Structures are given as C-alpha cells and as structure tokens.
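What's in protein.pdb: PDB, C-alpha atoms
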```
ATOM      1  CA  MET A   1     -96.305  33.534 330.220
ATOM      2  CA  ILE A   2     -99.315  34.860 328.304
ATOM      3  CA  THR A   3     -97.806  38.333 328.339
ATOM      4  CA  ARG A   4     -94.549  36.963 326.920
ATOM      5  CA  TRP A   5     -96.379  35.242 324.035
ATOM      6  CA  ARG A   6     -98.296  38.427 323.293
ATOM      7  CA  SER A   7     -95.023  40.314 323.163
ATOM      8  CA  LEU A   8     -93.561  37.758 320.759
ATOM      9  CA  LEU A   9     -96.653  37.972 318.554
ATOM     10  CA  LEU A  10     -96.101  41.725 318.317
ATOM     11  CA  VAL A  11     -92.332  41.594 317.872
ATOM     12  CA  VAL A  12     -92.125  38.866 315.188
ATOM     13  CA  PRO A  13     -94.179  40.731 312.517
ATOM     14  CA  ILE A  14     -92.169  43.881 313.175
ATOM     15  CA  VAL A  15     -88.894  41.984 312.717
ATOM     16  CA  VAL A  16     -90.180  40.404 309.493
ATOM     17  CA  LEU A  17     -91.271  43.783 308.120
ATOM     18  CA  ALA A  18     -87.961  45.351 309.107
ATOM     19  CA  ALA A  19     -86.042  42.565 307.405
ATOM     20  CA  ALA A  20     -88.151  42.963 304.260
ATOM     21  CA  ALA A  21     -87.559  46.716 304.233
ATOM     22  CA  PHE A  22     -83.835  46.209 304.789
ATOM     23  CA  TRP A  23     -83.736  43.807 301.842
ATOM     24  CA  ALA A  24     -85.783  46.107 299.590
ATOM     25  CA  TYR A  25     -84.164  49.425 300.468
ATOM     26  CA  GLY A  26     -80.964  48.646 302.335
ATOM     27  CA  PRO A  27     -77.512  47.632 301.120
ATOM     28  CA  PHE A  28     -78.813  44.400 299.535
ATOM     29  CA  SER A  29     -81.251  46.231 297.236
ATOM     30  CA  ASP A  30     -80.494  46.976 293.613
ATOM     31  CA  PRO A  31     -83.050  49.542 292.391
ATOM     32  CA  PRO A  32     -83.771  49.337 288.642
ATOM     33  CA  PRO A  33     -82.396  51.955 286.210
ATOM     34  CA  GLU A  34     -85.821  53.588 285.947
ATOM     35  CA  SER A  35     -85.432  54.703 289.554
ATOM     36  CA  ARG A  36     -82.616  57.044 288.512
ATOM     37  CA  VAL A  37     -84.897  58.610 285.875
ATOM     38  CA  VAL A  38     -87.674  59.102 288.414
ATOM     39  CA  GLU A  39     -85.308  60.629 290.982
ATOM     40  CA  TYR A  40     -83.823  63.082 288.464
ATOM     41  CA  LEU A  41     -87.179  64.221 287.052
ATOM     42  CA  HIS A  42     -88.743  64.560 290.493
ATOM     43  CA  ALA A  43     -85.938  66.999 291.291
ATOM     44  CA  THR A  44     -86.251  69.013 288.051
ATOM     45  CA  SER A  45     -90.048  69.113 288.358
ATOM     46  CA  ARG A  46     -89.760  70.987 291.662
ATOM     47  CA  GLY A  47     -86.943  73.208 290.387
ATOM     48  CA  ASP A  48     -84.290  71.552 292.566
ATOM     49  CA  GLU A  49     -81.252  71.855 290.308
ATOM     50  CA  ALA A  50     -78.747  70.778 292.989
ATOM     51  CA  SER A  51     -80.549  67.504 293.727
ATOM     52  CA  ALA A  52     -80.864  66.705 290.028
ATOM     53  CA  LEU A  53     -77.141  67.290 289.540
ATOM     54  CA  GLY A  54     -76.511  64.945 292.447
ATOM     55  CA  VAL A  55     -78.361  62.162 290.636
ATOM     56  CA  TRP A  56     -76.522  62.698 287.325
ATOM     57  CA  GLN A  57     -72.992  61.526 288.087
ATOM     58  CA  THR A  58     -70.444  61.749 285.294
ATOM     59  CA  CYS A  59     -67.582  59.305 285.514
ATOM     60  CA  CYS A  60     -63.853  58.992 285.461
ATOM     61  CA  ALA A  61     -61.740  61.346 283.318
ATOM     62  CA  PRO A  62     -63.094  64.921 283.084
ATOM     63  CA  MET A  63     -65.026  65.560 279.843
ATOM     64  CA  PRO A  64     -65.652  69.298 279.437
ATOM     65  CA  ASP A  65     -68.421  68.946 276.830
ATOM     66  CA  LEU A  66     -70.300  66.433 278.929
ATOM     67  CA  GLU A  67     -69.930  68.518 282.077
ATOM     68  CA  ALA A  68     -71.211  71.560 280.190
ATOM     69  CA  ARG A  69     -74.236  69.586 278.978
ATOM     70  CA  ARG A  70     -74.876  68.293 282.500
ATOM     71  CA  ALA A  71     -74.935  71.813 283.907
ATOM     72  CA  SER A  72     -76.865  73.558 281.114
ATOM     73  CA  LEU A  73     -79.502  70.895 280.465
ATOM     74  CA  THR A  74     -80.193  70.354 284.159
ATOM     75  CA  ARG A  75     -80.577  74.094 284.678
ATOM     76  CA  GLU A  76     -82.948  74.320 281.706
ATOM     77  CA  LEU A  77     -85.085  71.409 282.891
ATOM     78  CA  ALA A  78     -85.181  72.623 286.494
ATOM     79  CA  THR A  79     -86.037  76.178 285.428
ATOM     80  CA  THR A  80     -89.007  75.004 283.348
ATOM     81  CA  GLY A  81     -90.052  72.374 285.879
ATOM     82  CA  ALA A  82     -89.723  69.495 283.405
ATOM     83  CA  GLY A  83     -91.049  66.260 284.839
ATOM     84  CA  GLN A  84     -94.469  67.474 286.014
ATOM     85  CA  GLN A  85     -95.698  64.473 284.068
ATOM     86  CA  PHE A  86     -93.544  61.935 282.286
ATOM     87  CA  ARG A  87     -93.723  58.552 280.639
ATOM     88  CA  ILE A  88     -91.043  55.998 279.848
ATOM     89  CA  GLU A  89     -91.519  55.161 276.171
ATOM     90  CA  PHE A  90     -89.024  52.314 275.908
ATOM     91  CA  ILE A  91     -85.846  50.871 277.384
ATOM     92  CA  GLU A  92     -82.966  49.508 275.325
ATOM     93  CA  TRP A  93     -80.949  46.958 277.283
ATOM     94  CA  TRP A  94     -77.266  46.774 276.375
ATOM     95  CA  ARG A  95     -74.550  44.209 277.035
ATOM     96  CA  THR A  96     -71.404  46.018 278.229
ATOM     97  CA  CYS A  97     -68.983  43.119 278.668
ATOM     98  CA  CYS A  98     -67.095  41.557 275.781
ATOM     99  CA  GLU A  99     -68.735  43.062 272.678
ATOM    100  CA  PRO A 100     -71.329  45.810 273.386
ATOM    101  CA  GLY A 101     -74.723  45.368 271.798
ATOM    102  CA  ILE A 102     -78.483  45.510 272.344
ATOM    103  CA  ILE A 103     -79.904  42.446 274.096
ATOM    104  CA  SER A 104     -83.319  41.196 275.196
ATOM    105  CA  ASP A 105     -82.370  40.124 278.739
ATOM    106  CA  PRO A 106     -82.307  42.970 281.307
ATOM    107  CA  ARG A 107     -80.582  40.753 283.885
ATOM    108  CA  ASN A 108     -77.432  40.605 281.739
ATOM    109  CA  ALA A 109     -77.500  44.300 280.816
ATOM    110  CA  GLY A 110     -74.923  46.811 281.983
ATOM    111  CA  ARG A 111     -76.453  49.776 280.175
ATOM    112  CA  ALA A 112     -80.044  50.962 279.930
ATOM    113  CA  ARG A 113     -80.867  53.559 277.284
ATOM    114  CA  ILE A 114     -84.225  54.995 278.337
ATOM    115  CA  LEU A 115     -86.418  57.290 276.212
ATOM    116  CA  VAL A 116     -88.686  59.504 278.309
ATOM    117  CA  SER A 117     -91.419  61.908 277.257
ATOM    118  CA  ALA A 118     -91.786  64.652 279.885
ATOM    119  CA  SER A 119     -93.823  67.846 280.163
ATOM    120  CA  ASP A 120     -92.916  71.027 282.053
ATOM    121  CA  ARG A 121     -94.995  73.653 283.920
ATOM    122  CA  ALA A 122     -96.029  75.335 280.687
ATOM    123  CA  GLY A 123     -97.068  72.032 279.116
ATOM    124  CA  ALA A 124     -94.121  71.917 276.699
ATOM    125  CA  LYS A 125     -92.918  68.433 275.808
ATOM    126  CA  HIS A 126     -89.352  67.193 276.177
ATOM    127  CA  GLU A 127     -88.127  63.938 274.629
ATOM    128  CA  LEU A 128     -85.059  62.871 276.576
ATOM    129  CA  ILE A 129     -82.629  59.977 276.440
ATOM    130  CA  PHE A 130     -81.329  58.788 279.822
ATOM    131  CA  GLU A 131     -78.119  56.742 279.776
ATOM    132  CA  VAL A 132     -78.041  54.654 282.960
ATOM    133  CA  LEU A 133     -75.056  52.328 283.459
ATOM    134  CA  THR A 134     -73.737  50.000 286.102
ATOM    135  CA  LYS A 135     -71.445  51.891 288.437
ATOM    136  CA  ASP A 136     -68.374  49.843 287.516
ATOM    137  CA  GLY A 137     -68.965  49.915 283.741
ATOM    138  CA  ALA A 138     -68.649  46.373 282.377
ATOM    139  CA  TYR A 139     -71.265  43.989 283.753
ATOM    140  CA  TRP A 140     -70.760  40.225 283.412
ATOM    141  CA  GLY A 141     -74.260  39.106 284.336
ATOM    142  CA  ASP A 142     -74.775  35.357 284.577
ATOM    143  CA  ALA A 143     -71.048  34.723 284.071
ATOM    144  CA  ALA A 144     -70.413  36.409 287.436
ATOM    145  CA  GLY A 145     -73.542  35.202 289.223
ATOM    146  CA  TYR A 146     -75.580  38.388 288.617
ATOM    147  CA  PRO A 147     -73.857  40.817 291.022
ATOM    148  CA  ARG A 148     -75.469  44.139 291.938
ATOM    149  CA  HIS A 149     -75.813  46.579 289.073
ATOM    150  CA  ASP A 150     -75.642  49.752 291.183
ATOM    151  CA  TRP A 151     -77.356  51.619 288.341
ATOM    152  CA  THR A 152     -76.002  55.167 287.953
ATOM    153  CA  LEU A 153     -77.258  57.982 285.730
ATOM    154  CA  ARG A 154     -74.340  58.952 283.483
ATOM    155  CA  GLU A 155     -75.939  61.166 280.844
ATOM    156  CA  VAL A 156     -79.137  62.865 279.693
ATOM    157  CA  TYR A 157     -79.659  64.435 276.268
ATOM    158  CA  PRO A 158     -82.511  65.460 273.961
ATOM    159  CA  ARG A 159     -83.608  62.748 271.573
ATOM    160  CA  GLY A 160     -81.899  63.203 268.217
ATOM    161  CA  GLU A 161     -78.595  64.330 269.727
ATOM    162  CA  GLN A 162     -75.604  62.073 270.330
ATOM    163  CA  SER A 163     -74.017  60.920 273.541
ATOM    164  CA  LEU A 164     -70.950  62.877 274.639
ATOM    165  CA  ARG A 165     -69.488  60.055 276.727
ATOM    166  CA  ARG A 166     -67.462  58.898 273.739
ATOM    167  CA  PRO A 167     -66.043  60.496 270.591
ATOM    168  CA  ALA A 168     -68.589  61.167 267.852
ATOM    169  CA  ILE A 169     -68.653  58.563 265.088
ATOM    170  CA  ALA A 170     -69.886  59.024 261.549
ATOM    171  CA  PRO A 171     -72.928  56.977 260.498
ATOM    172  CA  LEU A 172     -72.258  53.841 258.464
ATOM    173  CA  THR A 173     -72.308  54.384 254.712
ATOM    174  CA  ARG A 174     -73.772  51.857 252.283
ATOM    175  CA  ASP A 175     -70.292  50.529 251.460
ATOM    176  CA  ASP A 176     -69.474  50.277 255.189
ATOM    177  CA  ALA A 177     -72.624  48.262 255.780
ATOM    178  CA  ILE A 178     -71.880  45.849 252.937
ATOM    179  CA  ARG A 179     -68.284  45.454 254.086
ATOM    180  CA  SER A 180     -69.432  44.705 257.642
ATOM    181  CA  SER A 181     -71.956  42.140 256.453
ATOM    182  CA  ARG A 182     -69.253  40.392 254.395
ATOM    183  CA  SER A 183     -67.116  40.094 257.523
ATOM    184  CA  LEU A 184     -69.749  37.877 259.157
ATOM    185  CA  ALA A 185     -69.612  35.222 256.414
ATOM    186  CA  PRO A 186     -67.746  35.026 253.094
ATOM    187  CA  VAL A 187     -69.902  36.247 250.210
ATOM    188  CA  PRO A 188     -68.656  35.585 246.661
ATOM    189  CA  ASP A 189     -68.237  38.471 244.243
ATOM    190  CA  ASN A 190     -70.993  37.094 242.008
ATOM    191  CA  ALA A 191     -73.553  37.114 244.832
ATOM    192  CA  ALA A 192     -76.524  39.441 244.493
ATOM    193  CA  ILE A 193     -76.111  41.963 247.317
ATOM    194  CA  GLU A 194     -78.499  44.772 248.139
ATOM    195  CA  ALA A 195     -78.416  47.336 250.928
ATOM    196  CA  LYS A 196     -80.958  49.913 251.963
ATOM    197  CA  ARG A 197     -81.388  52.215 254.922
ATOM    198  CA  VAL A 198     -84.696  52.236 256.800
ATOM    199  CA  SER A 199     -86.054  52.901 260.269
ATOM    200  CA  LEU A 200     -86.293  50.034 262.690
ATOM    201  CA  ALA A 201     -90.062  50.551 262.812
ATOM    202  CA  ASP A 202     -90.377  50.082 259.031
ATOM    203  CA  LEU A 203     -88.093  47.063 259.164
ATOM    204  CA  ARG A 204     -90.285  45.388 261.781
ATOM    205  CA  VAL A 205     -93.302  45.883 259.526
ATOM    206  CA  ALA A 206     -91.472  44.132 256.682
ATOM    207  CA  LEU A 207     -90.391  41.274 258.963
ATOM    208  CA  GLY A 208     -93.916  40.747 260.225
ATOM    209  CA  GLY A 209     -94.311  37.946 262.737
ATOM    210  CA  GLN A 210     -90.801  36.640 262.003
ATOM    211  CA  ASP A 211     -89.060  39.480 263.836
ATOM    212  CA  PHE A 212     -85.633  38.383 265.125
ATOM    213  CA  LEU A 213     -84.369  41.703 266.506
ATOM    214  CA  PRO A 214     -83.903  42.752 270.131
ATOM    215  CA  PRO A 215     -86.229  45.434 271.557
ATOM    216  CA  ALA A 216     -84.874  48.833 270.505
ATOM    217  CA  ASP A 217     -85.808  52.402 269.617
ATOM    218  CA  PRO A 218     -88.199  52.195 266.618
ATOM    219  CA  ALA A 219     -86.708  55.418 265.234
ATOM    220  CA  ARG A 220     -83.244  53.865 264.929
ATOM    221  CA  SER A 221     -81.741  54.102 261.454
ATOM    222  CA  VAL A 222     -80.544  50.696 260.260
ATOM    223  CA  TRP A 223     -78.921  49.194 257.203
ATOM    224  CA  VAL A 224     -80.535  46.052 255.822
ATOM    225  CA  VAL A 225     -78.032  44.056 253.762
ATOM    226  CA  THR A 226     -79.410  41.066 251.855
ATOM    227  CA  ALA A 227     -77.388  38.604 249.796
ATOM    228  CA  SER A 228     -78.204  35.554 247.703
ATOM    229  CA  GLY A 229     -75.584  33.173 246.359
ATOM    230  CA  GLU A 230     -73.179  30.607 247.776
ATOM    231  CA  ILE A 231     -72.551  32.157 251.185
ATOM    232  CA  GLY A 232     -70.068  30.824 253.732
ATOM    233  CA  GLY A 233     -66.550  29.490 253.498
ATOM    234  CA  ALA A 234     -67.151  25.803 254.190
ATOM    235  CA  PRO A 235     -70.057  23.340 254.190
ATOM    236  CA  PRO A 236     -72.822  23.676 255.002
ATOM    237  CA  LYS A 237     -73.153  26.742 252.816
ATOM    238  CA  ALA A 238     -76.118  29.118 252.920
ATOM    239  CA  SER A 239     -77.815  30.515 249.848
ATOM    240  CA  TRP A 240     -79.279  33.692 251.362
ATOM    241  CA  SER A 241     -78.534  36.049 254.218
ATOM    242  CA  VAL A 242     -79.986  39.079 255.972
ATOM    243  CA  VAL A 243     -77.767  41.305 258.129
ATOM    244  CA  ILE A 244     -79.174  44.233 260.117
ATOM    245  CA  LEU A 245     -76.672  46.911 261.194
ATOM    246  CA  ASP A 246     -77.347  50.002 263.271
ATOM    247  CA  ALA A 247     -76.238  53.020 261.255
ATOM    248  CA  ASP A 248     -75.168  55.188 264.187
ATOM    249  CA  GLU A 249     -73.908  52.725 266.789
ATOM    250  CA  HIS A 250     -72.021  50.514 264.282
ATOM    251  CA  ILE A 251     -73.362  47.294 265.810
ATOM    252  CA  VAL A 252     -75.010  44.183 264.392
ATOM    253  CA  LEU A 253     -78.641  43.963 265.479
ATOM    254  CA  GLY A 254     -79.507  40.687 263.816
ATOM    255  CA  THR A 255     -78.525  38.082 261.209
ATOM    256  CA  ARG A 256     -80.231  35.257 259.351
ATOM    257  CA  PHE A 257     -78.692  32.669 257.001
ATOM    258  CA  GLY A 258     -80.484  29.805 255.265
ATOM    259  CA  GLU A 259     -81.082  27.422 252.374
ATOM    260  CA  PRO A 260     -83.331  28.096 249.340
ATOM    261  CA  ASN A 261     -86.244  26.031 250.601
ATOM    262  CA  THR A 262     -86.178  27.862 253.934
ATOM    263  CA  ARG A 263     -86.088  31.382 252.539
ATOM    264  CA  PRO A 264     -88.753  33.380 254.400
ATOM    265  CA  ALA A 265     -91.249  35.669 252.689
ATOM    266  CA  TYR A 266     -89.684  38.727 254.303
ATOM    267  CA  PHE A 267     -86.474  38.200 252.297
ATOM    268  CA  ASP A 268     -88.195  39.211 249.065
ATOM    269  CA  ARG A 269     -90.007  42.067 250.806
ATOM    270  CA  LEU A 270     -86.670  43.426 252.046
ATOM    271  CA  ARG A 271     -85.168  43.277 248.568
ATOM    272  CA  GLY A 272     -88.114  44.954 246.919
ATOM    273  CA  GLY A 273     -89.206  48.571 247.144
TER     274      GLY A 273
END
```

Kindly transcribe the structure held in the file into structure tokens.
Amino acid sequence: MITRWRSLLLVVPIVVLAAAAFWAYGPFSDPPPESRVVEYLHATSRGDEASALGVWQTCCAPMPDLEARRASLTRELATTGAGQQFRIEFIEWWRTCCEPGIISDPRNAGRARILVSASDRAGAKHELIFEVLTKDGAYWGDAAGYPRHDWTLREVYPRGEQSLRRPAIAPLTRDDAIRSSRSLAPVPDNAAIEAKRVSLADLRVALGGQDFLPPADPARSVWVVTASGEIGGAPPKASWSVVILDADEHIVLGTRFGEPNTRPAYFDRLRGG
C-alpha cells in the first residue's frame, strides 16, 4: 500500500507537468507573433537559409516580387549572419476584420507589424519590419470568442520600404487628407481648416498628456487636419475637430470633436507652427 502511494506521488507531478507542457507547446498553444521573429532570426544568425525560408511563408496567389524579396533578403541576412543580437523596438497591432486599422488591444489583432533592430557577424545594423498575420487572414477576436491566431510570418522588409503583399499606393496629399476628414463629419465651406504633415513622434509631443492615438511606429508620417466652425450635420454640433490620418496606409488613426469650452490646449498647438 505504501509503495502504491509512493508511486502515485511520483506519477501525479509528472502528469501535471506533462499536461502543462502539452497546453503550452502542443496543439492548444498559440505562440505570440514575436516567436516567428525569433525563429527566423535564429536561423539567419547561424546561416541556415533553408530554415529561415521555412518560417517565412508567403500566402495564396503567387506574387513574383514578394517571392523574389523572400529569396534575396533571406539569403542576404543568412550570409551575413544577421540576428547575432536583435531587439524588438515596437509592435503595431492591427485589426484585420471589418475595416483594417491600428488598435491598442493585441487580443483582437490579426496583424502584428514588428520593427526589429538586428546586428550581423560584422556588427552591421539592420532595421527590419516583420509582417506577422493570423494564418487565415481576417481575425474576429472577441466577436468569435478569441480563437487561435496561428501567427504566421508573411513578409520581411527593410524599414523605409513598402510591403509587397498588396499593390503600392501613393501617399495621401494635403487635399486627400482634407477630403477624408470631411467625410467623417460635415464641415461647412466657411470653416477654418488647416492640414499639415508631421511625424507621429512630433505629433505626440504636441498632444502631450492628452494623447488619443493607438501605439504605432513613431516615424510614421501623418496628416493632422484641424477645423473650427459649425461641424456636423445635426445637433449636437461640434465647433472644432482634429483628424489624424496615416499618410501611407490611408487609415484614420484618431479623431476628436468638441465644443468651444472643451477645446484642449493641443488644438492651438496643432494649428500653430
């Protein structure tokens, strides 16, 4: 009897540990998107081009330009041993269902845009953007009960270049930005409208502690469109507005509307200078 209890005391912890490992690493696990970055760079750091290519999985219809980038960039990074040391600088979380856009909640994200700073054997620095998406594309998050993401590396490219997963789009012009801001709420012709293009980092400085934007790449180029006048089609009307639009992605990053006595100090800072 004593021997049986001793056996149970040994077996139970092993079963618990096995169950925990199965949950963490087995079919129920859902490793975060950073794990794909780590796996790819571990391969390139040791010069294992084939393993790195196995991590970077392009999707669906063949895209010759993207396939060429996949092959050439992976070969370059593996040849130089990029990934000897690396650091994740930031992660942009994107909603991929309904209307794509940058969000603050990773649990509802279907796309992670990850900026990584990596060094190679010679000490040269590489700034890389990793595009990691859910395997099935659109992710419905809380609306679907938070299913597995199955994060998959779909693209890597040097910072400053554009993704090749979709056709290139021209940056928003000043007129485009004003037109887009008008589509969010009617603005009369006699309203005072201003638009200027700045970096997201500079915009956050101007906003100060009243920042209302989702976490995003500070180097992003954005249009800041401000308007004062009788804004809105029906009561209650606003008397001022701020609309922030990403110049390259053509998305709205943030909006604010309000009455005269609620106009924040940053409104005047955005219109000046």

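Residues matched by the PyMOL selection byres ((chain A and resi 121) around 9) in this structure: A:Ser45, A:Thr80, A:Gly81, A:Ala82, A:Gly83, A:Gln84, A:Ser119, A:Asp120, A:Ala122, A:Gly123, A:Ala124.
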
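Of the residues under consideration (A:Thr74, A:Leu66, A:Gly258, A:Ile244), A:Ile244 shows the shortest atom-to-atom contact distance to A:Leu172 when counting only C-alpha atoms.
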
Name the residues that the PyMOL selection byres ((chain A and resi 266) around 12) pulls out of this structure, and write them as a count of residues only. 26

Evaluate the PyMOL selection byres ((chain A and resi 162) around 12) on the structure here and hand back the selected residues as a list in words. Asp65, Leu66, Arg69, Leu128, Ile129, Phe130, Glu131, Glu155, Val156, Tyr157, Pro158, Arg159, Gly160, Glu161, Ser163, Leu164, Arg165, Arg166, Pro167, Ala168, Ile169, Ala170, Pro171, Asp248 and Glu249 of chain A

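The coordinates place atom CA of A:Ile91 at 27.6 Å from atom CA of A:Asp176.
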
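Taking atom CA of A:Arg220 as the reference point, atom CA of A:Thr255 is found at 16.9 Å.
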
Excluding same-chain residues fewer than 4 positions from A:Val37, what lies within 12 Å of it counting all atoms listed in the file, as a PyMOL selection string? chain A and resi 31-33+41-45+52+55-56+83+86-88+91+112-118+128-133+151-156

What separation in Å, quoted to one decimal, exists between atom CA of A:Ala238 and atom CA of A:Asn190?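 According to the coordinates, atom CA of A:Ala238 and atom CA of A:Asn190 are separated by 14.5 Å.
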
Select, from A:Ala201, A:Gln85, A:Ala78, A:Ala192, the residue with the minimum atom-to-atom distance to A:Glu230, counting all atoms listed in the file. A:Ala192

Which of A:Pro147, A:Ile178, A:Pro188, A:Tyr139 sits closest to A:Ser29 [using only C-alpha atoms]: A:Pro147

If we count all atoms listed in the file, what is near A:Gly229 at a cut-off of 6 Å, once residues fewer than 2 positions away on the same chain are taken out, given as number ranges by chain? A: 191, 231, 239

Go ahead and find all residues with at least one atom no further than 12 Å from (-75.3, 50.3, 262.0) in the file's coordinates, using all atoms listed in the file; report them as number ranges by chain. A: 101-102, 169-181, 195-200, 220-225, 243-254

May I have the residues from that selection written out with C-alpha atoms, as a PDB file, in the frame of the given file?
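Writing the result to out.pdb gives the following:
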```pdb
ATOM      1  CA  GLY A 101     -74.723  45.368 271.798  1.00  0.00           C
ATOM      2  CA  ILE A 102     -78.483  45.510 272.344  1.00  0.00           C
ATOM      3  CA  ILE A 169     -68.653  58.563 265.088  1.00  0.00           C
ATOM      4  CA  ALA A 170     -69.886  59.024 261.549  1.00  0.00           C
ATOM      5  CA  PRO A 171     -72.928  56.977 260.498  1.00  0.00           C
ATOM      6  CA  LEU A 172     -72.258  53.841 258.464  1.00  0.00           C
ATOM      7  CA  THR A 173     -72.308  54.384 254.712  1.00  0.00           C
ATOM      8  CA  ARG A 174     -73.772  51.857 252.283  1.00  0.00           C
ATOM      9  CA  ASP A 175     -70.292  50.529 251.460  1.00  0.00           C
ATOM     10  CA  ASP A 176     -69.474  50.277 255.189  1.00  0.00           C
ATOM     11  CA  ALA A 177     -72.624  48.262 255.780  1.00  0.00           C
ATOM     12  CA  ILE A 178     -71.880  45.849 252.937  1.00  0.00           C
ATOM     13  CA  ARG A 179     -68.284  45.454 254.086  1.00  0.00           C
ATOM     14  CA  SER A 180     -69.432  44.705 257.642  1.00  0.00           C
ATOM     15  CA  SER A 181     -71.956  42.140 256.453  1.00  0.00           C
ATOM     16  CA  ALA A 195     -78.416  47.336 250.928  1.00  0.00           C
ATOM     17  CA  LYS A 196     -80.958  49.913 251.963  1.00  0.00           C
ATOM     18  CA  ARG A 197     -81.388  52.215 254.922  1.00  0.00           C
ATOM     19  CA  VAL A 198     -84.696  52.236 256.800  1.00  0.00           C
ATOM     20  CA  SER A 199     -86.054  52.901 260.269  1.00  0.00           C
ATOM     21  CA  LEU A 200     -86.293  50.034 262.690  1.00  0.00           C
ATOM     22  CA  ARG A 220     -83.244  53.865 264.929  1.00  0.00           C
ATOM     23  CA  SER A 221     -81.741  54.102 261.454  1.00  0.00           C
ATOM     24  CA  VAL A 222     -80.544  50.696 260.260  1.00  0.00           C
ATOM     25  CA  TRP A 223     -78.921  49.194 257.203  1.00  0.00           C
ATOM     26  CA  VAL A 224     -80.535  46.052 255.822  1.00  0.00           C
ATOM     27  CA  VAL A 225     -78.032  44.056 253.762  1.00  0.00           C
ATOM     28  CA  VAL A 243     -77.767  41.305 258.129  1.00  0.00           C
ATOM     29  CA  ILE A 244     -79.174  44.233 260.117  1.00  0.00           C
ATOM     30  CA  LEU A 245     -76.672  46.911 261.194  1.00  0.00           C
ATOM     31  CA  ASP A 246     -77.347  50.002 263.271  1.00  0.00           C
ATOM     32  CA  ALA A 247     -76.238  53.020 261.255  1.00  0.00           C
ATOM     33  CA  ASP A 248     -75.168  55.188 264.187  1.00  0.00           C
ATOM     34  CA  GLU A 249     -73.908  52.725 266.789  1.00  0.00           C
ATOM     35  CA  HIS A 250     -72.021  50.514 264.282  1.00  0.00           C
ATOM     36  CA  ILE A 251     -73.362  47.294 265.810  1.00  0.00           C
ATOM     37  CA  VAL A 252     -75.010  44.183 264.392  1.00  0.00           C
ATOM     38  CA  LEU A 253     -78.641  43.963 265.479  1.00  0.00           C
ATOM     39  CA  GLY A 254     -79.507  40.687 263.816  1.00  0.00           C
TER      40      GLY A 254
END
```

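Residue nearest A:Lys135 within the list A:Glu259, A:Asp189, A:Glu99, A:Asp150: A:Asp150 [criterion: smallest interatomic distance, all atoms listed in the file].
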
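Among the candidate residues A:Met63, A:Ala109, A:Ala227, A:Leu77, the one lying nearest to A:Glu92 is A:Ala109, with distances computed using only C-alpha atoms.
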
Residue rebuild result stretch 217-222 of chain A, all heavy atoms as a compact mmCIF listing (two decimals), in the coordinates of the input:
```txt
# COMPACT_ATOMS: atom_id res chain seq x y z
N ASP A 217 -85.14 51.18 270.04
CA ASP A 217 -85.81 52.40 269.62
C ASP A 217 -86.34 52.25 268.19
O ASP A 217 -85.56 52.04 267.26
CB ASP A 217 -84.80 53.55 269.69
CG ASP A 217 -85.39 54.90 269.34
OD1 ASP A 217 -86.56 54.96 268.92
OD2 ASP A 217 -84.68 55.91 269.47
N PRO A 218 -87.65 52.36 267.97
CA PRO A 218 -88.20 52.20 266.62
C PRO A 218 -87.71 53.25 265.63
O PRO A 218 -87.78 53.04 264.42
CB PRO A 218 -89.72 52.28 266.83
CG PRO A 218 -89.89 52.96 268.14
CD PRO A 218 -88.72 52.57 268.98
N ALA A 219 -87.20 54.37 266.13
CA ALA A 219 -86.71 55.42 265.23
C ALA A 219 -85.27 55.19 264.81
O ALA A 219 -84.72 55.95 264.01
CB ALA A 219 -86.82 56.79 265.90
N ARG A 220 -84.63 54.14 265.32
CA ARG A 220 -83.24 53.86 264.93
C ARG A 220 -83.13 53.72 263.42
O ARG A 220 -83.97 53.10 262.76
CB ARG A 220 -82.75 52.57 265.57
CG ARG A 220 -82.24 52.73 266.98
CD ARG A 220 -81.54 51.47 267.45
NE ARG A 220 -80.94 51.68 268.76
CZ ARG A 220 -79.79 52.28 268.96
NH1 ARG A 220 -79.09 52.72 267.92
NH2 ARG A 220 -79.31 52.45 270.17
N SER A 221 -82.04 54.26 262.88
CA SER A 221 -81.74 54.10 261.45
C SER A 221 -80.86 52.87 261.28
O SER A 221 -79.82 52.76 261.94
CB SER A 221 -81.02 55.34 260.92
OG SER A 221 -80.68 55.18 259.57
N VAL A 222 -81.29 51.95 260.43
CA VAL A 222 -80.54 50.70 260.26
C VAL A 222 -80.30 50.42 258.78
O VAL A 222 -81.05 50.85 257.91
CB VAL A 222 -81.30 49.50 260.89
CG1 VAL A 222 -81.47 49.70 262.38
CG2 VAL A 222 -82.66 49.28 260.21
```
